[in-house]
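Have a look at the structure below, then the notes.
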Amino acid sequence: MKTLISPSPPSSSSSSTSLLSLRKARGLSPFLITLLAFIVFVVTLYGEDFTCLLGQLDFYSQDDVAPAGPSPRGGGTEAAFAVGKRPEGCDYFSGRWVWDESTRPLYQESECPYIQPQLTCQERGRPDKDYQFWRWQPHGCDLPSFNATLMLETLRGKRMMYVGDSLNRGQFTSMVCLLHRLIPSSSAKSMQTSGSLTVFTAKDYNATVEFYWAPFLLESNSDDAVVHRISDRVVRRGSINVHGRHWKGADVVVFNTYLWWMTGLTMKVLQGGSFDGEEKEVVEVTTEDAYGMAMRSMMRWARKNMDPRTTRVFFTSMSPTHGKSGDWGGEPGRNCYNETAPINNATYWGSDSRRSIMRVIGEEFGKSKYPVTFLNITQLSNYRKDAHTSIYKKQWNPLTAEQLADPASYADCVHWCLPGLQDTWNELLFAKLFYP
């Protein structure tokens, strides 16, 4: 609850003095003097109520947005979990991909039993492993090495939660793979799924790493964790707490939402009634406006439920796709299929990545009152046309003869092989968590 401190109402003597001054003022009509006297009387009698009301209005208006960037706590207070500082002038997200056979990959696909069959590219027949050996190198500084021991000790007695869509589930799975090797005994760790929630438990640490399926963050008609392939997608305005009640108590939360909004230029928003009901109020707004609504709701939830002195909130930017090979000078009409090397063009930005969404994120986070840490993985991932699962994943439906004759027609250029790119996302998360 926010305590509102109001100034003391003016005393009766000061009110009398004000009235006397009014009487002495030149050119004021009797009506105007009477009106001003009445205003002074009302302020004297109800001044505290007015001040309190205005304070409440300010409080709720601030709740509409919440922040990225430096913490507003001031006083030099370190961010929660920080053990050091980022080198001056170092931007972890600006750099290049370098070949590194000495430290990559960070684990083997066969060593991590928790990778979903949609992401096990080697098991599904991918002939090359080159995508596993690229390391992100920031310009002018180095990315801190991922320290699984530090991460697990920090999470002792705590909850870390990834919230979002299947791309965030991939990042969650990457984190589990990075940590589970430190727990050799199978009886000391477990992975369980119930509805929208998947929980990896490190029992000796009393720690959990969790994933919660909420592709829009807001309530939607695509919230079933298994059956959610709905073309006519609708989100409910002001519904963050439908899912948010399951996030309460987490110590580190990593949000993402992007791909599911990309169904066109507009988005349907439910303002009244139920998704399946006959009587409902649905409005259609631009995708950018709907996305901004979700950002404000997310930041409002964080502000109300996360204590910045003891917890951290992250937001992962949009994960790019590589569905148009013409973007990088490849054969027209193709995609990520058979791509085995990153894009070597520092200014590359794929046509599938909507800059307008990045602008919305920038605008909403720029108004922020709460310290959300932004993981800007979009540009560095834009270079990685080689890292997608492509055709090397479990196919849930039998492939047709036409598809088999043209593998590019069913290549998945959205999701990423593990180990691979999403391990870098978690290295960046590690860096921003411990060296903000």
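Note on naming: chains are A, B, ... as they come in the structure tokens, residues start from 1 per chain, ligands start from 1 in the order shown.
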
Exercise. So which bits of stretch 136-372 of chain A end up alpha helix (DSSP H) when you DSSP the backbone, as JSON, numbers by chain?
Worked result: {"A": [148, 149, 150, 151, 152, 153, 154, 166, 167, 168, 169, 170, 171, 172, 173, 174, 175, 176, 177, 178, 179, 180, 240, 241, 242, 243, 244, 287, 288, 289, 290, 291, 292, 293, 294, 295, 296, 297, 298, 299, 300, 301, 302, 303, 304, 305, 355, 356, 357, 358, 359, 360, 361, 362, 363, 364, 365, 366]}

Tell me, counting only C-alpha atoms, for each residue of stretch 189-266 of chain A within 10 Å of stretch 369-376 of chain A, which pair of atoms is nearest and how far apart they are in Å to one decimal, in rows ordered by chain and increasing number, as a Markdown table.
| residue | atom | partner | partner_atom | distance |
| --- | --- | --- | --- | --- |
| A:Val253 | CA | A:Val372 | CA | 9.8 |
| A:Val254 | CA | A:Thr373 | CA | 9.2 |
| A:Phe255 | CA | A:Phe374 | CA | 9.8 |
| A:Asn256 | CA | A:Leu375 | CA | 9.8 |

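For the set A:Ser220, A:Thr321, A:Gln108, A:Thr266, the residue with the smallest atom-to-atom gap to A:Ala411 is A:Thr321, counting only C-alpha atoms.
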
For this session: Compile the contact shell of A:Leu106 as a list in words: residues with an atom at most 10 Å away, counting only C-alpha atoms, same-chain residues fewer than 3 positions apart removed.
Result: Ser102, Thr103, Glu109, Gln132, Phe133, Phe146, Ser174, Cys177, Leu178, Pro419, Gly420, Asp423 and Thr424 of chain A

Writer output for current selection, N, CA and C atoms, as a PDB file, in the first residue's frame:
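File again.pdb, as written:
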ATOM      1  N   SER A 102      37.289 -24.055 -28.905  1.00  0.00           N
ATOM      2  CA  SER A 102      37.843 -24.375 -27.585  1.00  0.00           C
ATOM      3  C   SER A 102      36.809 -24.276 -26.472  1.00  0.00           C
ATOM      4  N   THR A 103      35.855 -23.375 -26.594  1.00  0.00           N
ATOM      5  CA  THR A 103      34.866 -23.222 -25.516  1.00  0.00           C
ATOM      6  C   THR A 103      33.440 -23.533 -25.947  1.00  0.00           C
ATOM      7  N   GLU A 109      24.372 -31.975 -26.974  1.00  0.00           N
ATOM      8  CA  GLU A 109      22.947 -32.289 -27.087  1.00  0.00           C
ATOM      9  C   GLU A 109      22.614 -33.593 -26.380  1.00  0.00           C
ATOM     10  N   GLN A 132      27.079 -24.815 -33.736  1.00  0.00           N
ATOM     11  CA  GLN A 132      27.351 -24.915 -32.305  1.00  0.00           C
ATOM     12  C   GLN A 132      28.636 -24.198 -31.886  1.00  0.00           C
ATOM     13  N   PHE A 133      29.471 -23.801 -32.843  1.00  0.00           N
ATOM     14  CA  PHE A 133      30.820 -23.327 -32.507  1.00  0.00           C
ATOM     15  C   PHE A 133      31.014 -21.822 -32.650  1.00  0.00           C
ATOM     16  N   PHE A 146      29.902 -17.956 -18.573  1.00  0.00           N
ATOM     17  CA  PHE A 146      28.774 -18.460 -17.795  1.00  0.00           C
ATOM     18  C   PHE A 146      29.301 -19.368 -16.687  1.00  0.00           C
ATOM     19  N   SER A 174      17.546 -24.164 -22.456  1.00  0.00           N
ATOM     20  CA  SER A 174      18.980 -23.893 -22.496  1.00  0.00           C
ATOM     21  C   SER A 174      19.534 -23.684 -21.087  1.00  0.00           C
ATOM     22  N   CYS A 177      19.821 -26.943 -19.283  1.00  0.00           N
ATOM     23  CA  CYS A 177      20.965 -27.713 -19.778  1.00  0.00           C
ATOM     24  C   CYS A 177      22.286 -27.163 -19.240  1.00  0.00           C
ATOM     25  N   LEU A 178      22.367 -25.849 -19.100  1.00  0.00           N
ATOM     26  CA  LEU A 178      23.595 -25.230 -18.586  1.00  0.00           C
ATOM     27  C   LEU A 178      23.819 -25.546 -17.106  1.00  0.00           C
ATOM     28  N   PRO A 419      22.359 -27.609 -28.418  1.00  0.00           N
ATOM     29  CA  PRO A 419      22.938 -26.323 -28.009  1.00  0.00           C
ATOM     30  C   PRO A 419      23.064 -25.386 -29.210  1.00  0.00           C
ATOM     31  N   GLY A 420      23.162 -24.095 -28.903  1.00  0.00           N
ATOM     32  CA  GLY A 420      23.243 -23.138 -30.000  1.00  0.00           C
ATOM     33  C   GLY A 420      23.014 -21.716 -29.553  1.00  0.00           C
ATOM     34  N   ASP A 423      21.834 -20.447 -26.006  1.00  0.00           N
ATOM     35  CA  ASP A 423      22.809 -20.470 -24.913  1.00  0.00           C
ATOM     36  C   ASP A 423      23.462 -19.094 -24.779  1.00  0.00           C
ATOM     37  N   THR A 424      23.676 -18.422 -25.901  1.00  0.00           N
ATOM     38  CA  THR A 424      24.222 -17.062 -25.871  1.00  0.00           C
ATOM     39  C   THR A 424      23.240 -16.113 -25.207  1.00  0.00           C
TER      40      THR A 424
END

For this session: With a distance cut-off of 9 Å and only C-alpha atoms, select the neighbouring residues of A:Ile183, excluding the residue or stretch itself and same-chain residues fewer than 4 positions from it, and output the selection as a ChimeraX atom specification.
Result: /A:179,188-189,202,204

Selected residues written out, N, CA, C and O atoms, as a PDB file, in the first residue's frame:
ATOM      1  N   LEU A 179      22.739 -25.789 -16.374  1.00  0.00           N
ATOM      2  CA  LEU A 179      22.841 -25.991 -14.935  1.00  0.00           C
ATOM      3  C   LEU A 179      22.857 -27.458 -14.506  1.00  0.00           C
ATOM      4  O   LEU A 179      23.504 -27.809 -13.516  1.00  0.00           O
ATOM      5  N   ALA A 188      18.468 -36.055  -7.550  1.00  0.00           N
ATOM      6  CA  ALA A 188      18.564 -34.721  -6.960  1.00  0.00           C
ATOM      7  C   ALA A 188      17.994 -33.646  -7.864  1.00  0.00           C
ATOM      8  O   ALA A 188      18.099 -32.455  -7.555  1.00  0.00           O
ATOM      9  N   LYS A 189      17.390 -34.064  -8.979  1.00  0.00           N
ATOM     10  CA  LYS A 189      16.808 -33.086  -9.898  1.00  0.00           C
ATOM     11  C   LYS A 189      15.595 -33.719 -10.567  1.00  0.00           C
ATOM     12  O   LYS A 189      15.479 -34.940 -10.682  1.00  0.00           O
ATOM     13  N   ALA A 202      16.148 -28.262  -8.640  1.00  0.00           N
ATOM     14  CA  ALA A 202      17.441 -28.692  -8.115  1.00  0.00           C
ATOM     15  C   ALA A 202      17.247 -28.898  -6.618  1.00  0.00           C
ATOM     16  O   ALA A 202      17.270 -27.940  -5.838  1.00  0.00           O
ATOM     17  N   ASP A 204      18.766 -30.284  -3.965  1.00  0.00           N
ATOM     18  CA  ASP A 204      19.738 -29.947  -2.925  1.00  0.00           C
ATOM     19  C   ASP A 204      19.895 -28.443  -2.738  1.00  0.00           C
ATOM     20  O   ASP A 204      20.378 -27.978  -1.701  1.00  0.00           O
TER      21      ASP A 204
END

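Atom to atom, atom CA of A:Gln137 and atom CA of A:Gln118 stand 27.9 Å apart.
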
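Interatomic distance, atom CA of A:Phe211 against atom CA of A:Arg384: 24.5 Å.
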
Problem set entry | Neighbour list for A:Asp307 as a list of chain:residue names, cut-off 12 Å, only C-alpha atoms, skip fewer than 6 positions in-chain |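 Using only C-alpha atoms, the neighbours found are A:Ser71, A:Arg73, A:Ala79, A:Ala80, A:Lys248, A:Gly249, A:Ala250, A:Asp251, A:Val252, A:Val253, A:Trp301, A:Val313, A:Tyr370, A:Pro371, A:Val372.
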
Just write the chosen residues, all heavy atoms, as a short mmCIF file (atom, residue, chain, number, x, y, z; two decimals), in the first residue's frame.
data_model
loop_
_atom_site.label_atom_id
_atom_site.label_comp_id
_atom_site.auth_asym_id
_atom_site.auth_seq_id
_atom_site.Cartn_x
_atom_site.Cartn_y
_atom_site.Cartn_z
N SER A 71 18.25 1.53 -12.27
CA SER A 71 17.27 1.48 -11.20
C SER A 71 17.03 2.86 -10.63
O SER A 71 17.95 3.65 -10.49
CB SER A 71 17.80 0.56 -10.09
OG SER A 71 17.07 0.75 -8.91
N ARG A 73 16.31 3.54 -7.69
CA ARG A 73 16.46 3.53 -6.23
C ARG A 73 17.41 4.62 -5.75
O ARG A 73 17.26 5.16 -4.68
CB ARG A 73 16.95 2.15 -5.77
CG ARG A 73 15.92 1.07 -5.96
CD ARG A 73 16.39 -0.23 -5.36
NE ARG A 73 17.55 -0.75 -6.03
CZ ARG A 73 17.53 -1.49 -7.12
NH1 ARG A 73 16.38 -1.76 -7.69
NH2 ARG A 73 18.63 -1.96 -7.66
N ALA A 79 22.01 -3.34 -7.99
CA ALA A 79 20.88 -4.17 -8.39
C ALA A 79 20.96 -5.50 -7.69
O ALA A 79 22.06 -5.98 -7.34
CB ALA A 79 20.90 -4.35 -9.91
N ALA A 80 19.82 -6.11 -7.44
CA ALA A 80 19.79 -7.41 -6.77
C ALA A 80 20.64 -8.41 -7.53
O ALA A 80 20.63 -8.44 -8.77
CB ALA A 80 18.34 -7.90 -6.67
N LYS A 248 3.76 -14.90 -9.14
CA LYS A 248 4.08 -14.27 -7.85
C LYS A 248 5.02 -15.16 -7.04
O LYS A 248 4.87 -16.37 -7.02
CB LYS A 248 2.80 -14.00 -7.07
CG LYS A 248 1.94 -12.90 -7.65
CD LYS A 248 0.72 -12.61 -6.77
CE LYS A 248 -0.12 -11.47 -7.32
NZ LYS A 248 -1.28 -11.16 -6.46
N GLY A 249 5.97 -14.52 -6.39
CA GLY A 249 6.92 -15.26 -5.55
C GLY A 249 8.19 -15.62 -6.27
O GLY A 249 9.15 -16.10 -5.65
N ALA A 250 8.26 -15.39 -7.59
CA ALA A 250 9.50 -15.65 -8.32
C ALA A 250 10.52 -14.57 -7.99
O ALA A 250 10.18 -13.41 -7.76
CB ALA A 250 9.24 -15.69 -9.82
N ASP A 251 11.80 -14.96 -7.96
CA ASP A 251 12.87 -14.02 -7.62
C ASP A 251 13.52 -13.41 -8.86
O ASP A 251 14.03 -12.30 -8.82
CB ASP A 251 13.92 -14.74 -6.77
CG ASP A 251 13.34 -15.28 -5.49
OD1 ASP A 251 13.20 -14.51 -4.52
OD2 ASP A 251 12.99 -16.48 -5.45
N VAL A 252 13.52 -14.17 -9.96
CA VAL A 252 14.01 -13.68 -11.24
C VAL A 252 12.98 -14.07 -12.28
O VAL A 252 12.63 -15.25 -12.40
CB VAL A 252 15.39 -14.29 -11.62
CG1 VAL A 252 15.84 -13.75 -12.97
CG2 VAL A 252 16.42 -13.99 -10.55
N VAL A 253 12.46 -13.09 -13.02
CA VAL A 253 11.47 -13.36 -14.06
C VAL A 253 12.01 -12.87 -15.39
O VAL A 253 12.52 -11.75 -15.50
CB VAL A 253 10.12 -12.68 -13.76
CG1 VAL A 253 9.11 -12.99 -14.87
CG2 VAL A 253 9.56 -13.15 -12.42
N TRP A 301 2.41 -5.03 -13.69
CA TRP A 301 2.46 -6.23 -12.84
C TRP A 301 3.79 -6.30 -12.10
O TRP A 301 3.83 -6.58 -10.90
CB TRP A 301 2.27 -7.49 -13.70
CG TRP A 301 2.28 -8.73 -12.85
CD1 TRP A 301 1.22 -9.35 -12.26
CD2 TRP A 301 3.44 -9.46 -12.46
NE1 TRP A 301 1.65 -10.42 -11.52
CE2 TRP A 301 3.01 -10.53 -11.63
CE3 TRP A 301 4.81 -9.35 -12.72
CZ2 TRP A 301 3.89 -11.45 -11.06
CZ3 TRP A 301 5.69 -10.26 -12.15
CH2 TRP A 301 5.24 -11.30 -11.34
N VAL A 313 13.80 -8.40 -12.94
CA VAL A 313 12.89 -8.65 -14.04
C VAL A 313 13.62 -8.35 -15.34
O VAL A 313 14.23 -7.29 -15.49
CB VAL A 313 11.61 -7.79 -13.94
CG1 VAL A 313 10.71 -8.03 -15.15
CG2 VAL A 313 10.86 -8.08 -12.66
N TYR A 370 10.04 1.36 -13.15
CA TYR A 370 10.53 0.15 -12.47
C TYR A 370 11.66 -0.45 -13.30
O TYR A 370 11.58 -0.50 -14.53
CB TYR A 370 9.38 -0.87 -12.32
CG TYR A 370 9.81 -2.15 -11.65
CD1 TYR A 370 9.65 -2.33 -10.29
CD2 TYR A 370 10.42 -3.16 -12.38
CE1 TYR A 370 10.08 -3.49 -9.67
CE2 TYR A 370 10.86 -4.32 -11.77
CZ TYR A 370 10.68 -4.48 -10.43
OH TYR A 370 11.13 -5.64 -9.81
N PRO A 371 12.72 -0.92 -12.66
CA PRO A 371 13.91 -1.37 -13.41
C PRO A 371 13.78 -2.74 -14.07
O PRO A 371 14.15 -3.76 -13.50
CB PRO A 371 15.01 -1.38 -12.34
CG PRO A 371 14.28 -1.64 -11.06
CD PRO A 371 12.95 -0.94 -11.20
N VAL A 372 13.25 -2.77 -15.28
CA VAL A 372 13.24 -3.99 -16.09
C VAL A 372 14.51 -3.99 -16.94
O VAL A 372 14.82 -2.99 -17.60
CB VAL A 372 12.00 -4.04 -17.00
CG1 VAL A 372 12.08 -5.25 -17.93
CG2 VAL A 372 10.74 -4.11 -16.16
#

For this session: Can you list, as a PyMOL selection string, all residues belonging to stretch 197-329 of chain A that DSSP tags as strand (DSSP E)?
Result: chain A and resi 197-202+207-213+234-236+252-255+266-272+281-286+312-316

Dump of C-alpha atoms for the selected residues, as a JSON list (two decimals), in the first residue's frame:
[["chain", "number", "residue", "atom", "x", "y", "z"],
["A", 197, "LEU", "CA", 3.82, -24.59, -15.98],
["A", 198, "THR", "CA", 7.02, -26.62, -16.37],
["A", 199, "VAL", "CA", 9.37, -26.79, -13.37],
["A", 200, "PHE", "CA", 12.98, -27.99, -13.17],
["A", 201, "THR", "CA", 13.92, -28.56, -9.52],
["A", 202, "ALA", "CA", 17.44, -28.69, -8.11],
["A", 207, "ALA", "CA", 15.86, -24.01, -6.27],
["A", 208, "THR", "CA", 13.61, -24.08, -9.32],
["A", 209, "VAL", "CA", 13.92, -22.88, -12.90],
["A", 210, "GLU", "CA", 10.44, -22.64, -14.39],
["A", 211, "PHE", "CA", 8.66, -21.93, -17.65],
["A", 212, "TYR", "CA", 5.11, -20.60, -17.87],
["A", 213, "TRP", "CA", 3.26, -20.66, -21.21],
["A", 234, "VAL", "CA", -7.78, -12.55, -29.54],
["A", 235, "VAL", "CA", -6.35, -11.08, -26.33],
["A", 236, "ARG", "CA", -8.28, -9.73, -23.35],
["A", 252, "VAL", "CA", 14.01, -13.68, -11.24],
["A", 253, "VAL", "CA", 11.47, -13.36, -14.06],
["A", 254, "VAL", "CA", 12.36, -13.40, -17.77],
["A", 255, "PHE", "CA", 9.51, -12.25, -20.04],
["A", 266, "THR", "CA", -4.17, -5.48, -36.62],
["A", 267, "MET", "CA", -5.04, -7.43, -33.48],
["A", 268, "LYS", "CA", -8.39, -8.28, -31.92],
["A", 269, "VAL", "CA", -8.87, -7.19, -28.31],
["A", 270, "LEU", "CA", -11.66, -8.54, -26.10],
["A", 271, "GLN", "CA", -13.10, -5.76, -23.94],
["A", 272, "GLY", "CA", -16.16, -7.53, -22.57],
["A", 281, "GLU", "CA", -17.24, -6.79, -27.22],
["A", 282, "VAL", "CA", -14.24, -7.12, -29.52],
["A", 283, "VAL", "CA", -12.34, -4.21, -31.03],
["A", 284, "GLU", "CA", -9.63, -4.34, -33.67],
["A", 285, "VAL", "CA", -6.57, -2.14, -33.13],
["A", 286, "THR", "CA", -3.15, -1.89, -34.73],
["A", 312, "ARG", "CA", 15.09, -8.89, -10.97],
["A", 313, "VAL", "CA", 12.89, -8.65, -14.04],
["A", 314, "PHE", "CA", 14.17, -9.16, -17.60],
["A", 315, "PHE", "CA", 12.54, -8.74, -20.99],
["A", 316, "THR", "CA", 13.95, -10.56, -24.03]]

Exercise. What is the distance between atom CA of A:Lys385 and atom CA of A:Glu339, in Å to one decimal?
Worked result: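 Straight-line distance from atom CA of A:Lys385 to atom CA of A:Glu339 works out to 6.4 Å.
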
Problem set entry | Residue contacts of A:Pro407 (9 Å, only C-alpha atoms) excluding same-chain residues fewer than 4 positions away, as a count of residues only | 6

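Using only C-alpha atoms, the contacts of A:Ala82 at a cut-off of 9 Å, with sequence neighbours closer than 6 positions omitted, comprise A:Lys432, A:Leu433, A:Phe434, A:Tyr435, A:Pro436.
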
Exercise. Pick from A:Asn221, A:Gln171, A:Thr263, A:Thr310: nearest to A:Leu429, with only C-alpha atoms counted?
Worked result: A:Gln171
